[in-house]
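data.csv follows (CSV, C-alpha atoms):
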chain,number,residue,atom,x,y,z
A,1,MET,CA,85.8,-151.5,74.4
A,2,ARG,CA,85.0,-152.1,70.8
A,3,GLU,CA,81.2,-152.1,71.5
A,4,VAL,CA,81.5,-148.8,73.4
A,5,ARG,CA,83.7,-147.3,70.6
A,6,ASN,CA,81.0,-148.2,68.0
A,7,LEU,CA,78.1,-147.1,70.2
A,8,VAL,CA,75.5,-144.9,68.5
A,9,VAL,CA,73.8,-142.4,70.8
A,10,ARG,CA,70.5,-141.2,69.3
A,11,ASP,CA,68.6,-138.0,70.0
A,12,VAL,CA,65.3,-138.3,71.8
A,13,ASP,CA,62.4,-136.2,70.8
A,14,LEU,CA,61.9,-134.2,74.0
A,15,SER,CA,58.5,-132.9,72.8
A,16,LYS,CA,57.3,-136.4,73.6
A,17,VAL,CA,58.9,-136.7,77.0
A,18,GLU,CA,56.7,-135.8,80.0
A,19,ASP,CA,57.8,-133.9,83.0
A,20,GLY,CA,59.5,-136.1,85.6
A,21,THR,CA,62.7,-137.8,86.6
A,22,TYR,CA,63.9,-140.7,84.5
A,23,LEU,CA,66.5,-143.4,85.3
A,24,GLY,CA,68.6,-145.1,82.8
A,25,ALA,CA,71.7,-147.3,82.8
A,26,TYR,CA,74.5,-148.4,80.5
A,27,HIS,CA,77.0,-151.0,81.7
A,28,LYS,CA,79.6,-152.5,79.6
A,29,GLY,CA,83.0,-153.5,80.9
A,30,ARG,CA,84.5,-150.7,82.9
A,31,PHE,CA,81.8,-148.3,81.8
A,32,ALA,CA,79.0,-148.2,84.3
A,33,PHE,CA,76.6,-145.3,84.2
A,34,ASP,CA,73.3,-145.1,86.0
A,35,VAL,CA,71.8,-141.7,85.3
A,36,GLU,CA,69.0,-139.6,86.6
A,37,VAL,CA,67.6,-137.2,84.1
A,38,SER,CA,65.0,-134.5,85.1
A,39,ILE,CA,62.6,-133.1,82.5
A,40,ARG,CA,60.5,-130.0,82.9
A,41,ASP,CA,58.4,-128.4,80.1
A,42,HIS,CA,60.0,-130.8,77.6
A,43,ARG,CA,63.5,-129.6,78.5
A,44,ILE,CA,66.4,-131.4,80.3
A,45,VAL,CA,66.9,-129.4,83.5
A,46,ALA,CA,69.2,-131.8,85.3
A,47,VAL,CA,71.3,-134.9,84.7
A,48,LYS,CA,73.7,-136.8,86.9
A,49,ASN,CA,75.4,-140.1,87.3
A,50,VAL,CA,74.1,-141.8,90.4
A,51,ASN,CA,76.3,-144.9,90.2
A,52,ARG,CA,78.3,-144.9,93.4
A,53,ARG,CA,80.5,-147.7,92.0
A,54,ALA,CA,81.7,-145.6,89.1
A,55,GLY,CA,84.1,-143.8,91.5
A,56,PRO,CA,85.0,-140.1,91.4
A,57,LEU,CA,84.6,-138.8,87.8
A,58,GLY,CA,85.6,-135.3,88.8
A,59,ASP,CA,85.6,-132.5,86.2
A,60,TRP,CA,84.7,-134.9,83.3
A,61,ALA,CA,81.3,-135.7,84.8
A,62,ALA,CA,80.4,-132.0,85.4
A,63,LYS,CA,81.3,-131.3,81.7
A,64,ALA,CA,79.3,-134.2,80.4
A,65,GLU,CA,76.3,-133.2,82.5
A,66,ALA,CA,76.5,-129.6,81.4
A,67,SER,CA,76.8,-130.6,77.8
A,68,VAL,CA,73.6,-132.7,77.9
A,69,ILE,CA,71.8,-129.8,79.4
A,70,ALA,CA,73.2,-127.2,77.0
A,71,ARG,CA,72.6,-129.3,73.9
A,72,GLN,CA,69.3,-130.7,75.2
A,73,SER,CA,70.5,-134.0,73.7
A,74,ALA,CA,71.8,-137.4,74.8
A,75,ALA,CA,74.2,-137.1,71.9
A,76,VAL,CA,76.7,-134.9,73.8
A,77,ASP,CA,79.9,-133.4,72.5
A,78,VAL,CA,82.8,-135.6,73.4
A,79,VAL,CA,84.5,-134.4,76.5
A,80,SER,CA,88.2,-134.1,75.6
A,81,GLY,CA,90.2,-137.2,76.6
A,82,ALA,CA,87.1,-139.2,77.6
A,83,THR,CA,85.5,-140.3,74.3
A,84,LEU,CA,84.3,-143.7,75.5
A,85,ASN,CA,83.1,-142.4,78.8
A,86,THR,CA,81.2,-139.7,77.0
A,87,LYS,CA,79.5,-142.2,74.6
A,88,ALA,CA,78.6,-144.6,77.4
A,89,PHE,CA,77.2,-141.7,79.5
A,90,GLY,CA,75.2,-140.4,76.6
A,91,LYS,CA,73.7,-143.8,75.9
A,92,ALA,CA,72.6,-144.0,79.5
A,93,VAL,CA,70.8,-140.7,79.1
A,94,GLU,CA,69.2,-141.8,75.9
A,95,LEU,CA,68.0,-145.0,77.5
A,96,ALA,CA,66.6,-143.0,80.5
A,97,LEU,CA,64.6,-140.7,78.2
A,98,ASN,CA,63.2,-143.6,76.1
A,99,ARG,CA,61.8,-145.4,79.2
A,100,ARG,CA,58.5,-143.5,79.3
A,101,VAL,CA,58.3,-141.6,76.1
A,102,ARG,CA,54.7,-141.3,74.9
A,103,SER,CA,53.8,-142.1,71.3

Give the structure from the file, written as structure tokens.
Amino acid sequence: MREVRNLVVRDVDLSKVEDGTYLGAYHKGRFAFDVEVSIRDHRIVAVKNVNRRAGPLGDWAAKAEASVIARQSAAVDVVSGATLNTKAFGKAVELALNRRVRS
């Protein structure tokens, strides 16, 4: 849990991200996020955790996804009561967006 607690989630320059759907993953201990992030016109238009093993995340997942879209950033506001989940989810989003970022 220490690694997740100290995790740094960095912003991604969306002006360099082409339209498309990007997959990213962050797995550490009980934190297992596989995300699908959709980009259109250099904006995040959808994001969701597609890891069926993560179990039901309920309201927290909806809040984290909405925060990524609202902020247009992987570095989301921490969802109350779920600091480590939020960091791990944000890292998965960051990794997805960095997969095919053009220089």

Which distance in Å separates atom CA of Ser38 of chain A and atom CA of Asn6 of chain A, to one decimal? 27.1 Å

What does the structure give for the distance between atom CA of Ala88 of chain A and atom CA of Gly24 of chain A, in Å to one decimal?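 Atom CA of Gly24 of chain A lies 11.4 Å from atom CA of Ala88 of chain A.
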
Out of A:Ala62, A:Ala32, A:Ala70, A:Val8, which residue has the shortest atom-to-atom distance to Asn85 of chain A when counting all atoms listed in the file? A:Ala32

Separation of atom CA of Ala46 of chain A from atom CA of Glu18 of chain A in Å: 14.2 Å

I'd like the contact shell of Arg2 of chain A - 12 Å cut-off, all atoms listed in the file, skipping same-chain residues fewer than 2 positions apart - returned as a list in words.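 Here the answer would be Val4, Arg5, Asn6, Leu7, Lys28, Gly29, Leu84, Lys87 and Ala88 of chain A.
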
Tell me, as number ranges by chain, which residues lie within 10 Å of Ala66 of chain A, counting all atoms listed in the file; anything in the same chain fewer than 3 positions away does not count. A: 45-48, 60-63, 69-72, 76

Kindly extract all protein, DNA and RNA residues lying within 6 Å of the coordinates (69.5, -141.8, 71.6) given in the file, considering all atoms listed in the file, and supply them as an NGL selection string. :A and (9-12 or 74 or 94)

Close residues, His27 of chain A itself excluded, 10 Å, all atoms listed in the file, min 3 positions apart in chain, as a VMD selection string: chain A and resid 4 30 to 34 88 to 89 91 to 92

For each of A:Asp41, A:Asp19, A:Val35, A:Ala64, take the minimum atom-to-atom distance to Ala82 of chain A, counting only C-alpha atoms, then give the residue where this is smallest.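 Result for the nearest residue to Ala82 of chain A: A:Ala64.
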
For Leu97 of chain A, find every residue with an atom within 8 Å (counting all atoms listed in the file), except residues of its own chain fewer than 3 positions away, and show them as a PyMOL selection string. chain A and resi 12+17+22-24+37+93-94+100-101

Let me see the file: selected residues, C-alpha atoms, as a PDB file, in the frame of the given file.
ATOM      1  CA  VAL A  12      65.300-138.300  71.800  1.00  0.00           C
ATOM      2  CA  VAL A  17      58.900-136.700  77.000  1.00  0.00           C
ATOM      3  CA  TYR A  22      63.900-140.700  84.500  1.00  0.00           C
ATOM      4  CA  LEU A  23      66.500-143.400  85.300  1.00  0.00           C
ATOM      5  CA  GLY A  24      68.600-145.100  82.800  1.00  0.00           C
ATOM      6  CA  VAL A  37      67.600-137.200  84.100  1.00  0.00           C
ATOM      7  CA  VAL A  93      70.800-140.700  79.100  1.00  0.00           C
ATOM      8  CA  GLU A  94      69.200-141.800  75.900  1.00  0.00           C
ATOM      9  CA  ARG A 100      58.500-143.500  79.300  1.00  0.00           C
ATOM     10  CA  VAL A 101      58.300-141.600  76.100  1.00  0.00           C
TER      11      VAL A 101
END
